[in-house]
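Quick notes on the structure that follows.
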Amino acid sequence: MRRARRQRLCISAIGAALALTAIPALAQDRLPPLRITANGRYLEAGGKPFFWLGDTGWLLLGKLDRTQTEHYFATRAAQGFTVIQVMILHRPDMASPIAGQALIDGDVARPRITPGNDPTRPDEYDYWDHLDWVVDRAAAHGLYLALVPAWGSFAEMRKLTVDNAPVYGRFLAERYRGRSNIVWLNGGDTHGDMATVTWQALGRTIKAIDPGHLMTFHPFGRTDSSWTFHDADWLDFNMFQSGHQSYAQDSTPCARGEDNWRYVADDWARSPAKPSIDGEPSYENIPHGLDQAREPIWQAADVRRYAWWSVFAGAFGHSYGENSVMQFHVPGQKSAYWAHIPWQDALHAAGAEQMRHLKALMLSRPDEDRAPDQQLIVDNGERYERVAATRGASYAMAYSYTGRPFRVRMGRIAGKRVRAAWFDPRTGASLLIGHFANRGIRRFVPPGQPKAGNDWALLLDSSD
């Protein structure tokens, strides 16, 4: 009896272990690799339109245990996020709280690999085994991971060089080319015109071995990957970092301030056509300019504006960030940029909950012919008064951050008549305006009093 019972327990344990290992495989099968659409502007997954709604969970690997990781993934997936941006290596002594250091003596050419990777013995896992698990659990939650191989400081400190970058790149590419839910973010908050040969070496190595995954370059604030790498054969789409400064704080040569849509417009003017996205705009609950302690804090209305402006300018999605979440802040522990909200609470910041409405709206209309069209707006303004416009063959949309009245040039979409409605970026609710002839110029007045944050999107759909 006792022997039979032990056999049953043993069989049960083996079955449980097999079940644990089967979940990631099934999840990977459900998430096809991301691809560029035929027009070179957007992304698709398995032949269906894909909207990149990213979250900057940069320090996940260095801060969270497995229970916390599951909670983070489950929350973001429920909120409609589709991509999590994560650093693999933040610094040479990068370590997981449950799996130890990633490198031997901080050397990117010497990943610390241990013999055991038994899924029933997480205490034997090394850093890379843990990353395997994170990738698979992200897939189980329907999430893609945009992985930064090494933060920009590695090249700045000469820890990543043109000599060892190919060694490290080969290790990553060979290990993860079989995972479908990966995007590579070369660079990492760094200038593309610094250590350029190193980033080229890393990008080319990974792409040569792992051509099945998309790759871009995550640049320094107020710069764009296209400025240095647009023609690189390993760069599939452009990413820019519109940054955390206000109009008044912008002292960069191009001085685009908060106008993140300008980067997308620049990328759309380049050839060959490549998709574009704001990979790091101002974070919710972070001071203007990051380290300006007495400056105002970016709010939900601000992060909405960045998202709607860039997507209507032609971006294939948008990346959101929250101050406490990006560093997984725990009260009482050291933090940056005056983070003070526990990261579990910050997951539910207003802006994070509202991002899904933009994604839902954009996926509700065909995107193969969608393009920015500022000719729709007759009386446009500057800065916060700008009305961003986009359209397809049978629909048009116009976003006003302040909710000021504006005039629209009708007749730029198909049909003799159009259905007009107001879309609320805060709730995702629509308010019917009426049906109108699709000709001439018509003035539209958003609900409420004009002011910053009273944002509305006008939806025009062909009644035909």
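If you're wondering about the labels, chains in the structure tokens are A, B, ... by order shown, residues count from 1 in each chain, ligands from 1 in order shown.
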Q: Can you check which residues of range 172-390 of chain A DSSP gives as helix (DSSP H, G or I) on the backbone and send them as a VMD selection string?
A: chain A and resid 172 to 176 196 to 209 226 to 229 261 to 268 300 to 312 323 to 326 343 to 346 350 to 363 374 to 376 383 to 385
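With only C-alpha atoms as the atoms that count, the residue of A:Thr402, A:Ser153, A:Gln354, A:Gln249 with the shortest distance to Arg76 in chain A is A:Gln354.
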Q | Among the residues A:Gly169, A:Gly289, A:Pro281, A:Gly152, the one that comes closest to Asp259 in chain A [using only C-alpha atoms] | A | A:Pro281
Q) Leaving out Glu322 in chain A and any residue of its chain fewer than 6 positions from it, which residues lie within 12 Å of it when counting only C-alpha atoms, given as a PyMOL selection string? A) chain A and resi 54-58+244+280-287+297-300+302-303+328-329+337+339-353
